[in-house]
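Enquirer: Contents of final-v1.cif (mmCIF, C-alpha atoms) are below:
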data_structure
loop_
_atom_site.label_atom_id
_atom_site.label_comp_id
_atom_site.auth_asym_id
_atom_site.auth_seq_id
_atom_site.Cartn_x
_atom_site.Cartn_y
_atom_site.Cartn_z
CA MET A 670 -45.82 161.96 -40.78
CA VAL A 671 -43.94 159.58 -38.41
CA THR A 672 -40.21 160.00 -38.57
CA GLN A 673 -37.76 157.09 -38.47
CA GLU A 674 -36.69 158.04 -34.98
CA GLN A 675 -40.28 158.13 -33.71
CA ARG A 676 -40.92 154.75 -35.32
CA LYS A 677 -37.91 153.26 -33.50
CA ARG A 678 -39.14 154.60 -30.18
CA GLN A 679 -42.63 153.19 -30.83
CA LEU A 680 -41.21 149.76 -31.67
CA ALA A 681 -39.06 149.85 -28.52
CA ARG A 682 -42.09 150.68 -26.38
CA GLU A 683 -44.10 147.85 -27.95
CA LYS A 684 -41.21 145.43 -27.36
CA PHE A 685 -40.98 146.53 -23.73
CA LEU A 686 -44.73 146.10 -23.25
CA ARG A 687 -44.61 142.60 -24.75
CA GLN A 688 -41.76 141.67 -22.41
CA GLN A 689 -43.71 142.96 -19.41
CA GLN A 690 -46.79 141.02 -20.45
CA ARG A 691 -44.77 137.81 -20.85
CA ARG A 692 -43.17 138.31 -17.42
CA THR A 693 -46.56 138.97 -15.82
CA ALA A 694 -48.03 135.86 -17.44
CA ALA A 695 -45.04 133.78 -16.33
CA ARG A 696 -45.40 134.96 -12.73
CA ARG A 697 -49.13 134.18 -12.80
CA LYS A 698 -48.47 130.65 -14.10
CA ALA A 699 -45.79 130.11 -11.44
CA ARG A 700 -48.16 131.18 -8.67
CA MET A 701 -50.88 128.83 -9.96
CA ARG A 702 -48.41 125.96 -10.26
CA ASN A 703 -47.11 126.49 -6.72
CA SER A 704 -50.64 126.71 -5.39
CA VAL A 705 -51.58 123.40 -7.02
CA ILE A 706 -48.43 121.73 -5.68
CA ALA A 707 -49.13 123.01 -2.16
CA SER A 708 -52.72 121.78 -2.35
CA VAL A 709 -51.65 118.32 -3.49
CA LEU A 710 -49.01 118.10 -0.77
CA GLY A 711 -51.61 119.20 1.80
CA VAL A 712 -54.06 116.51 0.69
CA VAL A 713 -51.34 113.85 0.79
CA LEU A 714 -50.20 114.95 4.25
CA VAL A 715 -53.73 115.11 5.69
CA GLY A 716 -54.58 111.77 4.12
CA SER A 717 -51.47 110.19 5.55
CA LEU A 718 -52.18 111.53 9.02
CA ALA A 719 -55.77 110.31 8.85
CA LEU A 720 -54.62 106.86 7.82
CA TYR A 721 -52.04 106.74 10.57
CA THR A 722 -54.44 107.82 13.31
CA SER A 723 -56.93 105.20 12.15
CA GLY A 724 -54.22 102.55 12.34
CA VAL A 725 -53.91 101.81 8.61
CA LEU A 726 -50.24 102.82 8.40
CA LYS A 727 -49.17 101.30 11.70
CA ASP A 728 -46.68 98.41 11.29
CA ASP A 729 -46.56 99.20 7.55
CA ASP A 730 -42.82 98.47 7.39
CA LYS A 731 -43.45 94.98 8.70
CA THR A 732 -46.29 94.04 6.37
CA ASN A 733 -45.58 95.89 3.11
CA ALA A 734 -43.11 93.37 1.65
CA SER A 735 -45.20 90.28 2.29
CA SER A 736 -48.48 91.89 1.20
CA GLU A 737 -47.29 91.96 -2.42
CA THR A 738 -47.01 88.20 -2.59
CA THR A 739 -49.61 86.90 -0.14
CA PRO A 740 -52.95 88.40 0.93
CA SER A 741 -53.03 89.66 4.49
CA ALA A 742 -54.91 87.42 6.90
CA GLU A 743 -57.86 88.72 8.89
CA PRO A 744 -56.92 89.30 12.55
CA SER A 745 -58.16 86.42 14.67
CA LYS A 746 -60.56 87.26 17.47
CA ALA A 747 -59.53 86.09 20.93
CA PRO A 748 -61.78 83.35 22.32
CA ASP A 749 -64.47 84.53 24.69
CA PRO A 750 -63.16 83.83 28.22
CA CYS A 751 -66.60 84.11 29.81
CA GLU A 752 -69.58 81.84 30.32
CA LYS A 753 -73.06 82.18 28.90
CA PRO A 754 -75.34 84.59 30.80
CA ALA A 755 -77.90 83.25 33.22
CA ALA A 756 -81.48 83.15 32.00
CA GLY A 757 -83.36 86.40 32.49
CA LYS A 758 -83.77 89.91 31.13
CA ALA A 759 -82.60 93.28 32.37
CA LYS A 760 -85.19 95.52 33.99
CA THR A 761 -85.81 99.01 32.70
CA ALA A 762 -87.67 100.49 35.66
CA THR A 763 -87.06 104.15 36.51
CA TRP A 764 -87.77 106.35 39.53
CA LYS A 765 -88.54 110.03 39.70
CA LYS A 766 -86.47 110.78 42.81
CA GLU A 767 -83.28 109.65 44.43
CA PRO A 768 -84.12 107.11 47.16
CA PRO A 769 -84.08 108.34 50.77
CA LEU A 770 -80.87 107.73 52.69
CA THR A 771 -81.37 104.48 54.60
CA ILE A 772 -77.89 103.02 54.88
CA ASP A 773 -75.82 103.20 58.07
CA LYS A 774 -72.95 105.54 57.18
CA SER A 775 -70.80 104.09 59.95
CA ALA A 776 -71.21 100.48 58.78
CA THR A 777 -69.20 98.48 56.25
CA TYR A 778 -70.83 97.64 52.93
CA THR A 779 -69.61 95.48 50.08
CA MET A 780 -70.99 94.87 46.61
CA GLU A 781 -70.62 91.60 44.74
CA LEU A 782 -71.03 91.48 40.99
CA ALA A 783 -71.61 87.88 39.98
CA THR A 784 -70.64 88.12 36.31
CA THR A 785 -70.33 85.66 33.47
CA CYS A 786 -66.55 86.13 33.72
CA GLY A 787 -66.26 85.60 37.48
CA ASP A 788 -67.19 87.32 40.72
CA ILE A 789 -66.02 90.90 41.26
CA ASP A 790 -66.09 91.91 44.93
CA ILE A 791 -66.01 95.61 45.78
CA ALA A 792 -65.42 97.29 49.15
CA LEU A 793 -67.70 100.34 49.19
CA LYS A 794 -66.62 103.74 50.57
CA THR A 795 -69.74 104.26 52.62
CA SER A 796 -68.73 107.16 54.83
CA ALA A 797 -67.01 109.06 51.98
CA ALA A 798 -69.78 108.57 49.38
CA PRO A 799 -72.95 107.75 51.35
CA ARG A 800 -75.52 108.86 48.77
CA THR A 801 -73.77 106.93 46.01
CA VAL A 802 -73.55 103.77 48.12
CA ASN A 803 -77.16 104.25 49.22
CA SER A 804 -78.27 104.46 45.58
CA PHE A 805 -76.42 101.27 44.70
CA ASP A 806 -77.90 99.50 47.72
CA PHE A 807 -81.37 100.58 46.56
CA LEU A 808 -80.86 99.64 42.89
CA ALA A 809 -79.22 96.30 43.66
CA GLY A 810 -82.13 95.49 45.99
CA LYS A 811 -84.53 96.13 43.12
CA GLY A 812 -82.57 93.80 40.81
CA TYR A 813 -81.77 96.75 38.59
CA PHE A 814 -78.28 95.52 37.64
CA ASP A 815 -79.23 91.87 37.17
CA HIS A 816 -78.80 90.54 33.60
CA THR A 817 -77.20 93.79 32.42
CA LYS A 818 -74.29 93.80 30.00
CA CYS A 819 -71.12 95.81 30.60
CA HIS A 820 -71.26 97.81 27.41
CA ARG A 821 -67.88 99.55 27.16
CA LEU A 822 -64.21 98.63 27.46
CA THR A 823 -61.52 101.22 26.77
CA THR A 824 -58.02 100.05 25.89
CA GLU A 825 -56.27 103.32 25.00
CA GLY A 826 -55.75 106.47 27.04
CA ILE A 827 -57.90 105.26 29.91
CA TYR A 828 -58.41 101.65 30.94
CA VAL A 829 -61.89 100.97 32.28
CA LEU A 830 -64.81 98.59 32.02
CA GLN A 831 -68.14 100.44 32.14
CA CYS A 832 -71.37 98.84 33.34
CA GLY A 833 -74.70 99.72 34.94
CA ASP A 834 -76.93 100.50 31.96
CA PRO A 835 -79.86 98.07 31.48
CA THR A 836 -80.31 99.30 27.89
CA GLY A 837 -76.70 98.43 27.00
CA SER A 838 -76.44 101.61 24.93
CA GLY A 839 -74.54 103.82 27.34
CA SER A 840 -77.43 106.27 27.61
CA GLY A 841 -79.69 104.51 30.14
CA GLY A 842 -80.22 105.36 33.77
CA PRO A 843 -82.54 105.02 36.76
CA GLY A 844 -84.50 108.21 36.08
CA TYR A 845 -82.83 110.22 38.86
CA THR A 846 -79.34 111.61 39.40
CA ILE A 847 -77.12 111.71 42.46
CA PRO A 848 -74.60 114.35 43.54
CA ASP A 849 -70.84 114.04 43.11
CA GLU A 850 -69.06 112.85 46.24
CA ASN A 851 -65.55 112.11 47.46
CA LEU A 852 -63.80 113.97 44.62
CA LYS A 853 -60.83 114.67 46.89
CA ASP A 854 -60.29 111.04 47.79
CA LYS A 855 -56.71 110.49 48.98
CA SER A 856 -56.28 107.71 46.41
CA LEU A 857 -56.58 110.22 43.54
CA LYS A 858 -53.10 111.67 43.04
CA LYS A 859 -52.05 113.80 40.07
CA ASN A 860 -55.40 113.11 38.37
CA ILE A 861 -54.75 109.38 38.33
CA TYR A 862 -57.56 106.94 39.10
CA PRO A 863 -55.54 103.91 40.25
CA ALA A 864 -56.25 100.36 39.15
CA GLY A 865 -58.99 98.85 41.29
CA THR A 866 -61.00 102.08 41.60
CA VAL A 867 -64.77 101.89 41.08
CA ALA A 868 -66.23 105.28 40.14
CA MET A 869 -69.40 106.83 38.80
CA ALA A 870 -69.80 107.68 35.14
CA ASN A 871 -71.56 110.94 34.33
CA THR A 872 -72.60 113.18 31.44
CA GLY A 873 -69.72 115.58 31.92
CA GLN A 874 -71.89 117.91 33.99
CA PRO A 875 -71.67 118.20 37.79
CA ASN A 876 -74.00 115.99 39.83
CA SER A 877 -75.17 113.97 36.82
CA GLY A 878 -74.38 110.44 38.02
CA GLY A 879 -77.09 107.81 37.65
CA SER A 880 -76.52 104.06 37.61
CA GLN A 881 -73.54 103.71 35.25
CA PHE A 882 -70.16 103.09 36.81
CA PHE A 883 -66.70 102.06 35.68
CA LEU A 884 -64.05 99.73 37.05
CA VAL A 885 -60.43 100.76 36.46
CA TYR A 886 -58.21 97.80 35.50
CA GLN A 887 -55.06 99.90 34.91
CA ASP A 888 -54.01 103.32 36.25
CA SER A 889 -55.88 105.94 34.20
CA GLN A 890 -55.48 109.70 34.00
CA LEU A 891 -58.83 111.42 34.41
CA PRO A 892 -60.00 114.74 35.80
CA PRO A 893 -61.19 114.32 39.42
CA SER A 894 -64.86 114.68 38.53
CA TYR A 895 -66.02 111.06 38.83
CA THR A 896 -67.13 109.92 42.28
CA PRO A 897 -64.84 107.14 43.53
CA PHE A 898 -67.02 104.93 45.72
CA GLY A 899 -65.37 101.52 45.87
CA THR A 900 -62.26 99.38 45.51
CA VAL A 901 -62.07 96.05 43.67
CA SER A 902 -60.68 93.05 45.57
CA GLU A 903 -57.56 91.20 44.45
CA SER A 904 -59.60 88.31 43.07
CA GLY A 905 -61.90 90.78 41.31
CA MET A 906 -58.88 92.41 39.65
CA LYS A 907 -57.96 89.05 38.14
CA VAL A 908 -61.41 88.91 36.56
CA LEU A 909 -61.02 92.45 35.21
CA LYS A 910 -57.61 91.64 33.75
CA LYS A 911 -59.09 88.59 32.02
CA ILE A 912 -61.81 90.73 30.46
CA ALA A 913 -59.31 93.39 29.37
CA ALA A 914 -56.96 90.80 27.86
CA ALA A 915 -59.70 89.71 25.45
CA GLY A 916 -59.74 93.23 23.99
CA ALA A 917 -62.49 95.45 22.65
CA GLN A 918 -64.55 95.64 19.49
CA ALA A 919 -64.49 98.49 17.00
CA ALA A 920 -66.56 101.51 18.00
CA ASP A 921 -70.27 101.14 17.36
CA PRO A 922 -71.20 103.75 14.71
CA THR A 923 -74.47 104.51 16.50
CA THR A 924 -73.37 104.77 20.14
CA GLY A 925 -69.59 105.16 19.86
CA ASN A 926 -69.13 102.43 22.46
CA THR A 927 -66.24 99.98 22.19
CA ALA A 928 -67.82 96.84 23.63
CA PRO A 929 -65.60 94.19 25.22
CA ASN A 930 -64.93 91.10 23.14
CA ALA A 931 -65.73 89.09 26.26
CA THR A 932 -69.41 88.60 27.02
CA VAL A 933 -69.53 90.49 30.31
CA VAL A 934 -72.97 90.24 31.89
CA ILE A 935 -73.82 90.90 35.52
CA ASN A 936 -75.99 87.92 36.42
CA LYS A 937 -76.62 89.25 39.92
CA ALA A 938 -75.52 92.33 41.92
CA THR A 939 -75.73 92.22 45.70
CA VAL A 940 -74.92 94.88 48.31
CA THR A 941 -74.27 93.50 51.80
CA LYS A 942 -73.91 95.24 55.14
CA SER A 943 -71.44 93.75 57.62
#
Just give me the structure as structure tokens.

Expert:
Amino acid sequence: MVTQEQRKRQLAREKFLRQQQRRTAARRKARMRNSVIASVLGVVLVGSLALYTSGVLKDDDKTNASSETTPSAEPSKAPDPCEKPAAGKAKTATWKKEPPLTIDKSATYTMELATTCGDIDIALKTSAAPRTVNSFDFLAGKGYFDHTKCHRLTTEGIYVLQCGDPTGSGSGGPGYTIPDENLKDKSLKKNIYPAGTVAMANTGQPNSGGSQFFLVYQDSQLPPSYTPFGTVSESGMKVLKKIAAAGAQAADPTTGNTAPNATVVINKATVTKS
């Protein structure tokens, strides 16, 4: 038979157990609540960062007040500063091997790009990058660059206009590759390709240059792995600046290229020995 004292002790134990259970349940609920709050805050933070990096939150302070009363206007596209391309189509010929070296490495060579936006004259670094200059002499002689569109303009981080792909996709080439040259050019200081530099594009791998090249219209920080083989003239820089001022389009979802708003087409490329 349970005595009164034993009954009191039993009731006290049951009360203690109930208290412990309530405390355990309360702690569990608190942990779940904190976890949910942290998750929500994380989603909000990540979402905000994503919006900011995509430009949605930029200048928000300036536009938020007026957007409640008047719809925001679509940004106006700058007028195309360039002329219509000359009649003709780009060639898509390819070659299995790099052309034999036929240029005179001691001579002076220049390349003229007659574009829809104006002529861009380039002094070529023949002695420092002979195989690159030789390839351009060969390709220009075959009309390879004629009627080709400059398919990429970068306006953040690096500032270049990229050309030399007859397909206009950024993945075309002449079928052969040429070695890297002149990577220690004295003009490249602290990994800066100065405005006016003309250099080879590549796949990111050594010795993977083909026909694509880029023209730097503003000092750009790049690793010294792109063959510098020419310098744009003063008049050519004015043409580049005009193209850059017109801005670039949104990235193409297929190729990732940001095409210039200006219609930049090389009507004719000519390499001349003097």

Enquirer: Using all atoms listed in the file, what does the table of region 816-843 of chain A residues within 8 Å of region 880-900 of chain A look like, with each row giving the shortest atom pair and its distance in Å to one decimal, sorted by chain and ascending number, as CSV?

Expert:
residue,atom,partner,partner_atom,distance
A:Gly826,CA,A:Ser889,CA,7.2
A:Ile827,CA,A:Ser889,CA,4.8
A:Tyr828,CA,A:Gln887,CA,5.5
A:Val829,CA,A:Val885,CA,4.4
A:Leu830,CA,A:Leu884,CA,5.2
A:Gln831,CA,A:Phe883,CA,4.2
A:Cys832,CA,A:Phe882,CA,5.6
A:Gly833,CA,A:Gln881,CA,4.2
A:Asp834,CA,A:Gln881,CA,5.7
A:Gly839,CA,A:Gln881,CA,8.0
A:Gly842,CA,A:Ser880,CA,5.5
A:Pro843,CA,A:Ser880,CA,6.2

Enquirer: As an exercise, work out the distance from CA of Ala920 (chain A) to CA of Asn860 (chain A) in Å and give it to one decimal place.

Expert: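 Interatomic distance, CA of Ala920 (chain A) to CA of Asn860 (chain A): 26.0 Å.
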
Enquirer: Using only C-alpha atoms, which residues of region 837-923 of chain A come within 7 Å of region 766-776 of chain A, and what is the closest atom pair for each, with the distance in Å to one decimal? Give it as a Markdown table, sorted by chain and residue number.

Expert:
| residue | atom | partner | partner_atom | distance |
| --- | --- | --- | --- | --- |
| A:Tyr845 | CA | A:Lys766 | CA | 5.4 |
| A:Thr846 | CA | A:Glu767 | CA | 6.7 |
| A:Ile847 | CA | A:Glu767 | CA | 6.8 |

Enquirer: Can you spell out as a list in words the set of residues that the PyMOL selection byres ((chain A and resi 788) around 10) selects in the structure I just provided?

Expert: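 Listing what the PyMOL selection byres ((chain A and resi 788) around 10) selects in the shown file: Glu781, Leu782, Ala783, Thr784, Thr785, Cys786, Gly787, Ile789, Asp790, Ile791, Ser902, Ser904, Gly905, Met906, Lys907, Val908, Leu909, Ile935, Asn936, Lys937 and Ala938 of chain A.
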
Enquirer: For the point (-69.4, 98.2, 52.8) in file coordinates, what residues are within 9 Å, counting all atoms listed in the file? Give the answer as an NGL selection string?

Expert: :A and (776-780 or 791-795 or 802 or 899 or 940-943)

Enquirer: Care to translate the PyMOL selection byres ((chain A and resi 811-819) around 8) into actual residues of this file, as a ChimeraX atom specification?

Expert: /A:754-755,757-762,807-810,820-821,830-837,928-929,932-938

Enquirer: Can you translate the PyMOL selection byres ((chain A and resi 916) around 12) into the concrete residues it hits in this file, as a ChimeraX atom specification?

Expert: /A:745-750,821-825,828-830,909-915,917-919,927-933

Enquirer: Provide the CA of Pro875 (chain A) to CA of Asp849 (chain A) distance in Å, to one decimal place.

Expert: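 Here the two named atoms are 6.8 Å from each other.
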
Enquirer: May I ask for the distance between CA of Pro848 (chain A) and CA of Ala798 (chain A), given in Å to one decimal place?

Expert: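 About the pair CA of Pro848 (chain A) and CA of Ala798 (chain A): they are 9.5 Å apart.
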
Enquirer: Which of these residues is nearest to Asn876 (chain A), using all atoms listed in the file: A:Arg800, A:Thr924, A:Tyr862, A:Leu857?

Expert: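 That would be A:Arg800, the residue with the smallest distance to Asn876 (chain A).
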
Enquirer: Considering only C-alpha atoms, can you say which of A:Ala756, A:Ser838, A:Asp806, A:Lys765 comes closest to Asn926 (chain A)?

Expert: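 Using only C-alpha atoms, the shortest distance to Asn926 (chain A) belongs to A:Ser838.
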
Enquirer: Go through A:Cys751, A:Trp764, A:Ser796, A:Gly873 one by one, measure the shortest atom-to-atom distance of each to Glu850 (chain A) using only C-alpha atoms, and give the residue with the smallest value.

Expert: A:Ser796

Enquirer: Go through A:Glu903, A:Gly879, A:Gly841, A:Asn851 and flag the residue nearest Ala864 (chain A), using only C-alpha atoms for the distances.

Expert: A:Glu903
